[in-house]
file coords-v4.pdb (PDB, C-alpha atoms, pLDDT in the B column)
ATOM      1  CA  MET A   1      98.875  89.734 116.828  1.00 56.00           C
ATOM      2  CA  MET A   2      95.810  90.631 114.771  1.00 58.00           C
ATOM      3  CA  LEU A   3      96.406  90.825 111.026  1.00 63.00           C
ATOM      4  CA  SER A   4      93.839  91.775 108.434  1.00 68.00           C
ATOM      5  CA  PRO A   5      93.105  88.971 105.926  1.00 62.00           C
ATOM      6  CA  ALA A   6      93.330  91.637 103.226  1.00 67.00           C
ATOM      7  CA  LEU A   7      97.112  92.034 103.591  1.00 72.00           C
ATOM      8  CA  PRO A   8      98.280  89.032 101.518  1.00 70.00           C
ATOM      9  CA  VAL A   9      95.636  89.795  98.879  1.00 65.00           C
ATOM     10  CA  LYS A  10      96.882  93.350  98.531  1.00 71.00           C
ATOM     11  CA  ASP A  11     100.480  92.147  98.327  1.00 70.00           C
ATOM     12  CA  ALA A  12      99.686  89.651  95.570  1.00 67.00           C
ATOM     13  CA  LEU A  13      97.667  92.043  93.426  1.00 66.00           C
ATOM     14  CA  ARG A  14     100.155  94.878  93.861  1.00 67.00           C
ATOM     15  CA  SER A  15     102.979  92.569  92.781  1.00 64.00           C
ATOM     16  CA  LEU A  16     101.049  91.763  89.616  1.00 62.00           C
ATOM     17  CA  ARG A  17     100.381  95.437  88.951  1.00 63.00           C
ATOM     18  CA  THR A  18     104.049  96.324  89.497  1.00 61.00           C
ATOM     19  CA  GLY A  19     105.153  93.575  87.142  1.00 59.00           C
ATOM     20  CA  LEU A  20     102.827  94.867  84.430  1.00 56.00           C
ATOM     21  CA  ALA A  21     104.146  98.399  84.840  1.00 59.00           C
ATOM     22  CA  ALA A  22     107.754  97.203  84.618  1.00 53.00           C
ATOM     23  CA  GLY A  23     106.958  95.244  81.456  1.00 53.00           C
ATOM     24  CA  ARG A  24     105.376  98.301  79.886  1.00 54.00           C
ATOM     25  CA  GLU A  25     108.497 100.364  80.523  1.00 55.00           C
ATOM     26  CA  VAL A  26     110.630  97.707  78.828  1.00 52.00           C
ATOM     27  CA  ILE A  27     108.405  97.750  75.742  1.00 54.00           C
ATOM     28  CA  ARG A  28     108.068 101.544  75.478  1.00 57.00           C
ATOM     29  CA  PRO A  29     111.496 102.226  73.836  1.00 57.00           C
ATOM     30  CA  LEU A  30     110.700  99.735  71.067  1.00 53.00           C
ATOM     31  CA  ARG A  31     108.035 102.088  69.723  1.00 55.00           C
ATOM     32  CA  SER A  32     110.606 104.453  68.233  1.00 60.00           C
ATOM     33  CA  LEU A  33     112.778 101.665  66.816  1.00 58.00           C
ATOM     34  CA  VAL A  34     110.295  99.835  64.630  1.00 56.00           C
ATOM     35  CA  PRO A  35     108.532 100.778  61.363  1.00 64.00           C
ATOM     36  CA  PRO A  36     104.959 102.159  61.537  1.00 67.00           C
ATOM     37  CA  PRO A  37     103.083  98.882  60.930  1.00 66.00           C
ATOM     38  CA  VAL A  38     104.947  97.159  63.743  1.00 60.00           C
ATOM     39  CA  GLY A  39     104.713 100.302  65.856  1.00 60.00           C
ATOM     40  CA  GLY A  40     100.950 100.000  65.698  1.00 65.00           C
ATOM     41  CA  LEU A  41     101.195  96.503  67.128  1.00 65.00           C
ATOM     42  CA  VAL A  42     103.439  97.787  69.920  1.00 60.00           C
ATOM     43  CA  ASP A  43     100.915 100.525  70.699  1.00 68.00           C
ATOM     44  CA  ASP A  44      98.101  97.995  70.776  1.00 71.00           C
ATOM     45  CA  PHE A  45     100.063  95.732  73.106  1.00 61.00           C
ATOM     46  CA  MET A  46     100.824  98.626  75.453  1.00 63.00           C
ATOM     47  CA  HIS A  47      97.151  99.598  75.524  1.00 68.00           C
ATOM     48  CA  ARG A  48      96.301  96.024  76.451  1.00 71.00           C
ATOM     49  CA  ILE A  49      98.797  96.147  79.303  1.00 62.00           C
ATOM     50  CA  ASP A  50      97.241  99.419  80.478  1.00 67.00           C
ATOM     51  CA  ARG A  51      93.769  97.872  80.458  1.00 72.00           C
ATOM     52  CA  ILE A  52      94.989  94.866  82.420  1.00 69.00           C
ATOM     53  CA  GLY A  53      96.667  97.207  84.901  1.00 62.00           C
ATOM     54  CA  LEU A  54      93.442  99.149  85.407  1.00 64.00           C
ATOM     55  CA  ARG A  55      91.579  95.887  85.896  1.00 70.00           C
ATOM     56  CA  VAL A  56      94.092  94.755  88.504  1.00 62.00           C
ATOM     57  CA  GLU A  57      93.724  98.130  90.259  1.00 60.00           C
ATOM     58  CA  HIS A  58      89.956  97.677  90.338  1.00 62.00           C
ATOM     59  CA  GLU A  59      90.197  94.100  91.579  1.00 62.00           C
ATOM     60  CA  THR A  60      92.655  95.138  94.289  1.00 59.00           C
ATOM     61  CA  SER A  61      90.206  97.709  95.618  1.00 59.00           C
ATOM     62  CA  ARG A  62      87.213  95.379  95.324  1.00 64.00           C
ATOM     63  CA  ALA A  63      88.945  92.431  96.975  1.00 59.00           C
ATOM     64  CA  VAL A  64      90.295  94.491  99.832  1.00 54.00           C
ATOM     65  CA  HIS A  65      86.971  96.160 100.585  1.00 55.00           C
ATOM     66  CA  SER A  66      85.162  92.823 100.493  1.00 57.00           C
ATOM     67  CA  MET A  67      87.565  91.403 103.074  1.00 52.00           C
ATOM     68  CA  LEU A  68      87.649  94.322 105.472  1.00 48.00           C
ATOM     69  CA  ASP A  69      86.197  93.535 108.872  1.00 45.00           C
ATOM     70  CA  HIS A  70      86.066  95.121 112.287  1.00 42.00           C
ATOM     71  CA  SER A  71      89.603  93.981 112.989  1.00 44.00           C
ATOM     72  CA  THR A  72      90.998  96.127 110.188  1.00 49.00           C
ATOM     73  CA  PRO A  73      91.946  99.653 111.233  1.00 51.00           C
ATOM     74  CA  GLN A  74      89.861 102.239 109.419  1.00 52.00           C
ATOM     75  CA  GLU A  75      91.065 105.458 111.035  1.00 58.00           C
ATOM     76  CA  ARG A  76      93.261 107.683 108.950  1.00 56.00           C
ATOM     77  CA  ASN A  77      95.531 110.020 110.867  1.00 59.00           C
ATOM     78  CA  THR A  78      94.888 108.804 114.419  1.00 74.00           C
ATOM     79  CA  TRP A  79      97.509 106.052 114.278  1.00 85.00           C
ATOM     80  CA  THR A  80     100.873 106.969 115.752  1.00 89.00           C
ATOM     81  CA  LEU A  81     103.568 104.450 116.610  1.00 91.00           C
ATOM     82  CA  ALA A  82     102.749 104.950 120.277  1.00 90.00           C
ATOM     83  CA  ARG A  83      99.158 103.860 119.716  1.00 89.00           C
ATOM     84  CA  MET A  84     100.117 101.040 117.354  1.00 92.00           C
ATOM     85  CA  ALA A  85     102.402  99.561 120.004  1.00 91.00           C
ATOM     86  CA  THR A  86      99.502  99.105 122.429  1.00 90.00           C
ATOM     87  CA  ASP A  87      96.617  98.248 120.094  1.00 90.00           C
ATOM     88  CA  PRO A  88      95.872  94.679 118.898  1.00 88.00           C
ATOM     89  CA  ALA A  89      95.364  96.069 115.394  1.00 88.00           C
ATOM     90  CA  GLY A  90      98.706  97.888 115.559  1.00 91.00           C
ATOM     91  CA  PRO A  91     100.643  95.604 113.170  1.00 91.00           C
ATOM     92  CA  THR A  92      98.029  95.960 110.439  1.00 89.00           C
ATOM     93  CA  ALA A  93      97.757  99.705 111.003  1.00 91.00           C
ATOM     94  CA  PHE A  94     101.537 100.042 110.794  1.00 94.00           C
ATOM     95  CA  ALA A  95     101.686  98.130 107.515  1.00 91.00           C
ATOM     96  CA  GLU A  96      98.913 100.183 105.946  1.00 89.00           C
ATOM     97  CA  ARG A  97     100.292 103.536 107.088  1.00 93.00           C
ATOM     98  CA  LEU A  98     103.832 102.636 106.061  1.00 94.00           C
ATOM     99  CA  TYR A  99     102.657 101.677 102.573  1.00 90.00           C
ATOM    100  CA  PHE A 100     100.615 104.873 102.255  1.00 91.00           C
ATOM    101  CA  GLY A 101     103.473 107.067 103.448  1.00 94.00           C
ATOM    102  CA  LEU A 102     106.151 105.425 101.318  1.00 94.00           C
ATOM    103  CA  GLU A 103     104.115 105.755  98.130  1.00 90.00           C
ATOM    104  CA  ILE A 104     104.005 109.515  98.670  1.00 94.00           C
ATOM    105  CA  ALA A 105     107.586 109.791  99.930  1.00 95.00           C
ATOM    106  CA  PHE A 106     109.098 107.998  96.932  1.00 93.00           C
ATOM    107  CA  GLU A 107     107.133 110.240  94.575  1.00 91.00           C
ATOM    108  CA  ARG A 108     107.913 113.485  96.417  1.00 93.00           C
ATOM    109  CA  LEU A 109     111.607 112.616  96.583  1.00 92.00           C
ATOM    110  CA  SER A 110     111.611 111.654  92.866  1.00 90.00           C
ATOM    111  CA  LEU A 111     112.847 108.163  93.686  1.00 88.00           C
ATOM    112  CA  PRO A 112     111.987 104.849  92.029  1.00 83.00           C
ATOM    113  CA  SER A 113     109.090 103.342  93.943  1.00 78.00           C
ATOM    114  CA  GLU A 114     109.673 100.157  95.929  1.00 81.00           C
ATOM    115  CA  LEU A 115     106.902  97.667  96.606  1.00 80.00           C
ATOM    116  CA  LEU A 116     106.386  97.285 100.333  1.00 85.00           C
ATOM    117  CA  SER A 117     104.836  94.003 101.452  1.00 87.00           C
ATOM    118  CA  GLU A 118     102.192  94.854 104.029  1.00 87.00           C
ATOM    119  CA  MET A 119     102.255  91.282 105.304  1.00 86.00           C
ATOM    120  CA  LEU A 120     106.014  91.404 105.892  1.00 88.00           C
ATOM    121  CA  ALA A 121     105.689  94.851 107.463  1.00 91.00           C
ATOM    122  CA  ALA A 122     102.966  93.724 109.876  1.00 91.00           C
ATOM    123  CA  ARG A 123     104.946  90.658 110.909  1.00 90.00           C
ATOM    124  CA  ALA A 124     108.096  92.726 111.379  1.00 91.00           C
ATOM    125  CA  PHE A 125     106.200  95.164 113.592  1.00 93.00           C
ATOM    126  CA  ASP A 126     104.946  92.353 115.808  1.00 91.00           C
ATOM    127  CA  ARG A 127     108.376  90.714 115.875  1.00 91.00           C
ATOM    128  CA  THR A 128     110.042  93.984 116.880  1.00 91.00           C
ATOM    129  CA  LEU A 129     107.592  94.543 119.730  1.00 89.00           C
ATOM    130  CA  ARG A 130     108.335  91.044 121.016  1.00 87.00           C
ATOM    131  CA  SER A 131     112.101  91.391 120.698  1.00 83.00           C
ATOM    132  CA  THR A 132     114.446  91.091 123.668  1.00 64.00           C
ATOM    133  CA  PRO A 133     114.939  93.650 125.007  1.00 72.00           C
ATOM    134  CA  PRO A 134     111.738  95.303 123.741  1.00 73.00           C
ATOM    135  CA  PRO A 135     111.865  98.846 122.341  1.00 76.00           C
ATOM    136  CA  GLY A 136     112.165 101.366 125.141  1.00 78.00           C
ATOM    137  CA  ASP A 137     109.828 103.976 123.638  1.00 89.00           C
ATOM    138  CA  SER A 138     108.294 105.083 120.342  1.00 92.00           C
ATOM    139  CA  PHE A 139     111.573 106.541 119.094  1.00 94.00           C
ATOM    140  CA  ASP A 140     113.406 103.311 119.837  1.00 93.00           C
ATOM    141  CA  LEU A 141     110.613 101.370 118.131  1.00 94.00           C
ATOM    142  CA  ALA A 142     110.835 103.616 115.060  1.00 94.00           C
ATOM    143  CA  ALA A 143     114.602 103.150 114.854  1.00 94.00           C
ATOM    144  CA  ALA A 144     114.293  99.371 115.122  1.00 93.00           C
ATOM    145  CA  LEU A 145     111.537  99.302 112.502  1.00 94.00           C
ATOM    146  CA  LEU A 146     113.531 101.473 110.117  1.00 93.00           C
ATOM    147  CA  ILE A 147     116.391  98.980 110.236  1.00 90.00           C
ATOM    148  CA  GLU A 148     113.974  96.061 109.936  1.00 88.00           C
ATOM    149  CA  ALA A 149     112.104  97.657 107.023  1.00 86.00           C
ATOM    150  CA  ASP A 150     115.269  98.337 105.089  1.00 76.00           C
ATOM    151  CA  ALA A 151     116.316  94.717 105.518  1.00 74.00           C
ATOM    152  CA  GLY A 152     113.147  92.758 104.937  1.00 80.00           C
ATOM    153  CA  MET A 153     109.808  94.488 104.344  1.00 87.00           C
ATOM    154  CA  PHE A 154     110.031  95.046 100.596  1.00 83.00           C
ATOM    155  CA  ALA A 155     108.759  92.540  98.058  1.00 75.00           C
ATOM    156  CA  PRO A 156     111.213  91.191  95.458  1.00 71.00           C
ATOM    157  CA  PRO A 157     111.198  93.472  92.401  1.00 67.00           C
ATOM    158  CA  PRO A 158     109.874  92.194  89.076  1.00 62.00           C
ATOM    159  CA  PRO A 159     112.315  91.675  86.190  1.00 60.00           C
ATOM    160  CA  PHE A 160     113.511  94.902  84.556  1.00 60.00           C
ATOM    161  CA  ALA A 161     112.172  97.076  87.386  1.00 62.00           C
ATOM    162  CA  VAL A 162     114.217 100.136  88.308  1.00 68.00           C
ATOM    163  CA  ARG A 163     115.079  99.908  91.996  1.00 74.00           C
ATOM    164  CA  ALA A 164     115.758 102.578  94.557  1.00 80.00           C
ATOM    165  CA  SER A 165     119.187 102.424  96.151  1.00 85.00           C
ATOM    166  CA  ALA A 166     119.618 101.435  99.782  1.00 85.00           C
ATOM    167  CA  ALA A 167     120.332 105.095 100.602  1.00 88.00           C
ATOM    168  CA  ASP A 168     117.144 106.192  98.827  1.00 90.00           C
ATOM    169  CA  ARG A 169     115.055 103.634 100.706  1.00 90.00           C
ATOM    170  CA  ARG A 170     116.579 104.751 103.994  1.00 91.00           C
ATOM    171  CA  LEU A 171     115.689 108.370 103.189  1.00 93.00           C
ATOM    172  CA  ALA A 172     112.045 107.569 102.391  1.00 94.00           C
ATOM    173  CA  LEU A 173     111.730 105.283 105.412  1.00 94.00           C
ATOM    174  CA  PHE A 174     113.140 107.946 107.721  1.00 96.00           C
ATOM    175  CA  ALA A 175     110.557 110.454 106.474  1.00 96.00           C
ATOM    176  CA  VAL A 176     107.654 108.075 107.068  1.00 95.00           C
ATOM    177  CA  MET A 177     108.889 106.961 110.500  1.00 95.00           C
ATOM    178  CA  LEU A 178     109.191 110.616 111.455  1.00 94.00           C
ATOM    179  CA  TRP A 179     105.607 111.146 110.298  1.00 94.00           C
ATOM    180  CA  LEU A 180     104.366 108.214 112.380  1.00 94.00           C
ATOM    181  CA  LEU A 181     106.055 109.630 115.473  1.00 93.00           C
ATOM    182  CA  VAL A 182     104.423 113.061 115.346  1.00 87.00           C
ATOM    183  CA  ASP A 183     101.133 113.459 117.200  1.00 79.00           C
ATOM    184  CA  PRO A 184      98.519 114.153 114.493  1.00 71.00           C
ATOM    185  CA  ASP A 185      96.528 116.280 116.933  1.00 68.00           C
ATOM    186  CA  ASP A 186      99.192 118.915 116.453  1.00 56.00           C
ATOM    187  CA  ASP A 187      98.430 119.014 112.708  1.00 57.00           C
ATOM    188  CA  PRO A 188      95.200 117.309 111.589  1.00 63.00           C
ATOM    189  CA  ASP A 189      96.185 117.601 107.913  1.00 78.00           C
ATOM    190  CA  GLU A 190      98.051 114.317 107.493  1.00 81.00           C
ATOM    191  CA  GLN A 191      99.174 115.102 103.948  1.00 84.00           C
ATOM    192  CA  ALA A 192     100.701 118.419 105.016  1.00 88.00           C
ATOM    193  CA  LEU A 193     102.353 116.739 107.991  1.00 90.00           C
ATOM    194  CA  LEU A 194     103.813 114.009 105.797  1.00 93.00           C
ATOM    195  CA  ASP A 195     105.108 116.628 103.356  1.00 93.00           C
ATOM    196  CA  ILE A 196     106.891 118.407 106.209  1.00 93.00           C
ATOM    197  CA  CYS A 197     108.508 115.151 107.323  1.00 94.00           C
ATOM    198  CA  ILE A 198     109.600 114.356 103.765  1.00 95.00           C
ATOM    199  CA  ASP A 199     111.119 117.826 103.427  1.00 94.00           C
ATOM    200  CA  ALA A 200     112.952 117.351 106.727  1.00 93.00           C
ATOM    201  CA  ALA A 201     114.362 114.018 105.562  1.00 94.00           C
ATOM    202  CA  ALA A 202     115.396 115.515 102.224  1.00 93.00           C
ATOM    203  CA  ALA A 203     117.214 118.328 104.032  1.00 92.00           C
ATOM    204  CA  LEU A 204     119.122 115.785 106.114  1.00 91.00           C
ATOM    205  CA  GLY A 205     119.919 113.762 102.998  1.00 89.00           C
ATOM    206  CA  ARG A 206     123.477 112.512 103.340  1.00 84.00           C
ATOM    207  CA  GLN A 207     123.278 112.372 107.134  1.00 89.00           C
ATOM    208  CA  ILE A 208     120.446 109.827 106.903  1.00 91.00           C
ATOM    209  CA  ALA A 209     122.067 107.871 104.084  1.00 83.00           C
ATOM    210  CA  GLU A 210     125.262 107.474 106.087  1.00 84.00           C
ATOM    211  CA  LEU A 211     123.561 106.363 109.298  1.00 84.00           C
ATOM    212  CA  PRO A 212     124.743 102.921 110.382  1.00 85.00           C
ATOM    213  CA  ASP A 213     122.263 100.236 111.403  1.00 88.00           C
ATOM    214  CA  ASP A 214     122.570 101.520 114.934  1.00 90.00           C
ATOM    215  CA  ARG A 215     119.307 101.917 116.831  1.00 90.00           C
ATOM    216  CA  ALA A 216     120.750 104.470 119.229  1.00 92.00           C
ATOM    217  CA  ALA A 217     122.071 106.718 116.446  1.00 93.00           C
ATOM    218  CA  ILE A 218     118.861 106.509 114.418  1.00 94.00           C
ATOM    219  CA  ARG A 219     116.778 107.064 117.554  1.00 94.00           C
ATOM    220  CA  ARG A 220     118.685 110.254 118.382  1.00 93.00           C
ATOM    221  CA  LEU A 221     118.117 111.725 114.928  1.00 94.00           C
ATOM    222  CA  LEU A 222     114.426 110.772 114.843  1.00 94.00           C
ATOM    223  CA  SER A 223     113.882 112.172 118.321  1.00 93.00           C
ATOM    224  CA  GLU A 224     115.643 115.423 117.512  1.00 91.00           C
ATOM    225  CA  TYR A 225     113.589 116.142 114.406  1.00 90.00           C
ATOM    226  CA  ALA A 226     110.248 114.789 115.617  1.00 89.00           C
ATOM    227  CA  ARG A 227     110.330 117.323 118.435  1.00 85.00           C
ATOM    228  CA  LEU A 228     110.906 120.150 115.952  1.00 83.00           C
ATOM    229  CA  ILE A 229     107.837 119.332 113.847  1.00 77.00           C
TER     230      ILE A 229
END

call {"tool": "encode", "arguments": {"input": "coords-v4.pdb", "output": "structure tokens"}}
result
Amino acid sequence: MMLSPALPVKDALRSLRTGLAAGREVIRPLRSLVPPPVGGLVDDFMHRIDRIGLRVEHETSRAVHSMLDHSTPQERNTWTLARMATDPAGPTAFAERLYFGLEIAFERLSLPSELLSEMLAARAFDRTLRSTPPPGDSFDLAAALLIEADAGMFAPPPPFAVRASAADRRLALFAVMLWLLVDPDDDPDEQALLDICIDAAAALGRQIAELPDDRAAIRRLLSEYARLI
């Protein structure tokens, strides 16, 4: 397994950024409850949090770029699950693409964002490939990863953070797994392709939410819709 050294750095800095954002949301309602002089102090404190958040964002980008090497996948929409399963950089590519896709899926579905740990995701990908019996094909791999992701790829939330429900996470994960199954050569616009997969998941809604942790059942649904896109 080849993991990028940037993964734990990204996880740590994103956790800090998420904690700052959650703290800001806790403080925000106080602004309307206090008299003007104190309100000014609240505003100043919130601005300070914003500046720290921007600094963390900058440091995340700088640290990650400084650590990137030839072992870190740089391609954008050429990574499908089929390729990831056979490439030494597959676990890192999976983690990065899953994070990218989930950020968009949570926003498009108007769901509270959950912080995916790229390190946990990469390890889970490698562990799933090495499982006994191994996944039979890309659809089976996607089903196994969806169950694994829902159970143990997300970082613990900071205090006061609003969390997505298990059903909401399953919906977003299904959309992204569907996206990773579709051959990007059929649609080189990865954003448009991801949007289509998110719309498909949203249309299925309750059917996805009620899916048991059954690889065969999840595989059937993923296979059915991936072939329609």

call {"tool": "resolve_selection", "arguments": {"input": "coords-v4.pdb", "expression": "the PyMOL selection byres ((chain A and resi 177) around 10)", "output": "list in words"}}
result
Thr80, Leu81, Arg97, Leu98, Gly101, Leu102, Phe139, Leu141, Ala142, Ala143, Leu145, Leu146, Ala172, Leu173, Phe174, Ala175, Val176, Leu178, Trp179, Leu180, Leu181, Val182, Leu194, Cys197, Leu222 and Ala226 of chain A

call {"tool": "resolve_selection", "arguments": {"input": "coords-v4.pdb", "expression": "the PyMOL selection byres ((chain A and resi 114) around 10)", "output": "mmCIF file with C-alpha atoms, in the frame of the given file"}}
result
data_model
loop_
_atom_site.group_PDB
_atom_site.id
_atom_site.type_symbol
_atom_site.label_atom_id
_atom_site.label_comp_id
_atom_site.auth_asym_id
_atom_site.auth_seq_id
_atom_site.Cartn_x
_atom_site.Cartn_y
_atom_site.Cartn_z
ATOM 1 C CA THR A 18 104.049 96.324 89.497
ATOM 2 C CA TYR A 99 102.657 101.677 102.573
ATOM 3 C CA LEU A 102 106.151 105.425 101.318
ATOM 4 C CA GLU A 103 104.115 105.755 98.130
ATOM 5 C CA PHE A 106 109.098 107.998 96.932
ATOM 6 C CA LEU A 111 112.847 108.163 93.686
ATOM 7 C CA PRO A 112 111.987 104.849 92.029
ATOM 8 C CA SER A 113 109.090 103.342 93.943
ATOM 9 C CA LEU A 115 106.902 97.667 96.606
ATOM 10 C CA LEU A 116 106.386 97.285 100.333
ATOM 11 C CA SER A 117 104.836 94.003 101.452
ATOM 12 C CA PHE A 154 110.031 95.046 100.596
ATOM 13 C CA ALA A 155 108.759 92.540 98.058
ATOM 14 C CA PRO A 156 111.213 91.191 95.458
ATOM 15 C CA PRO A 157 111.198 93.472 92.401
ATOM 16 C CA ALA A 161 112.172 97.076 87.386
ATOM 17 C CA VAL A 162 114.217 100.136 88.308
ATOM 18 C CA ARG A 163 115.079 99.908 91.996
ATOM 19 C CA ALA A 164 115.758 102.578 94.557
ATOM 20 C CA SER A 165 119.187 102.424 96.151
ATOM 21 C CA ARG A 169 115.055 103.634 100.706
#

call {"tool": "closest_residue", "arguments": {"input": "coords-v4.pdb", "among": "A:Leu171, A:Leu129, A:Ala209, A:Ala216", "to": "Ala105 in chain A", "atoms": "only C-alpha atoms"}}
result
A:Leu171

call {"tool": "closest_residue", "arguments": {"input": "coords-v4.pdb", "among": "A:Ile229, A:Leu7, A:Ala89, A:Ile198", "to": "Leu109 in chain A", "atoms": "all atoms listed in the file"}}
result
A:Ile198

call {"tool": "resolve_selection", "arguments": {"input": "coords-v4.pdb", "expression": "the PyMOL selection byres ((chain A and resi 119) around 10)", "output": "compact mmCIF listing (two decimals) with C-alpha atoms, in the frame of the given file"}}
result
# COMPACT_ATOMS: atom_id res chain seq x y z
CA LEU A 3 96.41 90.82 111.03
CA SER A 4 93.84 91.78 108.43
CA PRO A 5 93.10 88.97 105.93
CA ALA A 6 93.33 91.64 103.23
CA LEU A 7 97.11 92.03 103.59
CA PRO A 8 98.28 89.03 101.52
CA VAL A 9 95.64 89.80 98.88
CA LYS A 10 96.88 93.35 98.53
CA ASP A 11 100.48 92.15 98.33
CA PRO A 91 100.64 95.60 113.17
CA THR A 92 98.03 95.96 110.44
CA ALA A 95 101.69 98.13 107.52
CA GLU A 96 98.91 100.18 105.95
CA LEU A 116 106.39 97.28 100.33
CA SER A 117 104.84 94.00 101.45
CA GLU A 118 102.19 94.85 104.03
CA LEU A 120 106.01 91.40 105.89
CA ALA A 121 105.69 94.85 107.46
CA ALA A 122 102.97 93.72 109.88
CA ARG A 123 104.95 90.66 110.91
CA ALA A 124 108.10 92.73 111.38
CA PHE A 125 106.20 95.16 113.59
CA MET A 153 109.81 94.49 104.34
CA PHE A 154 110.03 95.05 100.60
CA ALA A 155 108.76 92.54 98.06

call {"tool": "closest_residue", "arguments": {"input": "coords-v4.pdb", "among": "A:Ile104, A:Leu221, A:Ala93, A:Leu211", "to": "Leu193 in chain A", "atoms": "all atoms listed in the file"}}
result
A:Ile104

call {"tool": "closest_residue", "arguments": {"input": "coords-v4.pdb", "among": "A:Ser223, A:Gln191, A:Ser138, A:Ser110", "to": "Met84 in chain A", "atoms": "only C-alpha atoms"}}
result
A:Ser138

call {"tool": "atom_distance", "arguments": {"input": "coords-v4.pdb", "atom1": "CA of Arg108 in chain A", "atom2": "CA of Ala85 in chain A"}}
result
27.9 Å

call {"tool": "atom_distance", "arguments": {"input": "coords-v4.pdb", "atom1": "CA of Ala201 in chain A", "atom2": "CA of Ile218 in chain A"}}
result
12.5 Å

call {"tool": "atom_distance", "arguments": {"input": "coords-v4.pdb", "atom1": "CA of Arg83 in chain A", "atom2": "CA of Ala203 in chain A"}}
result
28.0 Å
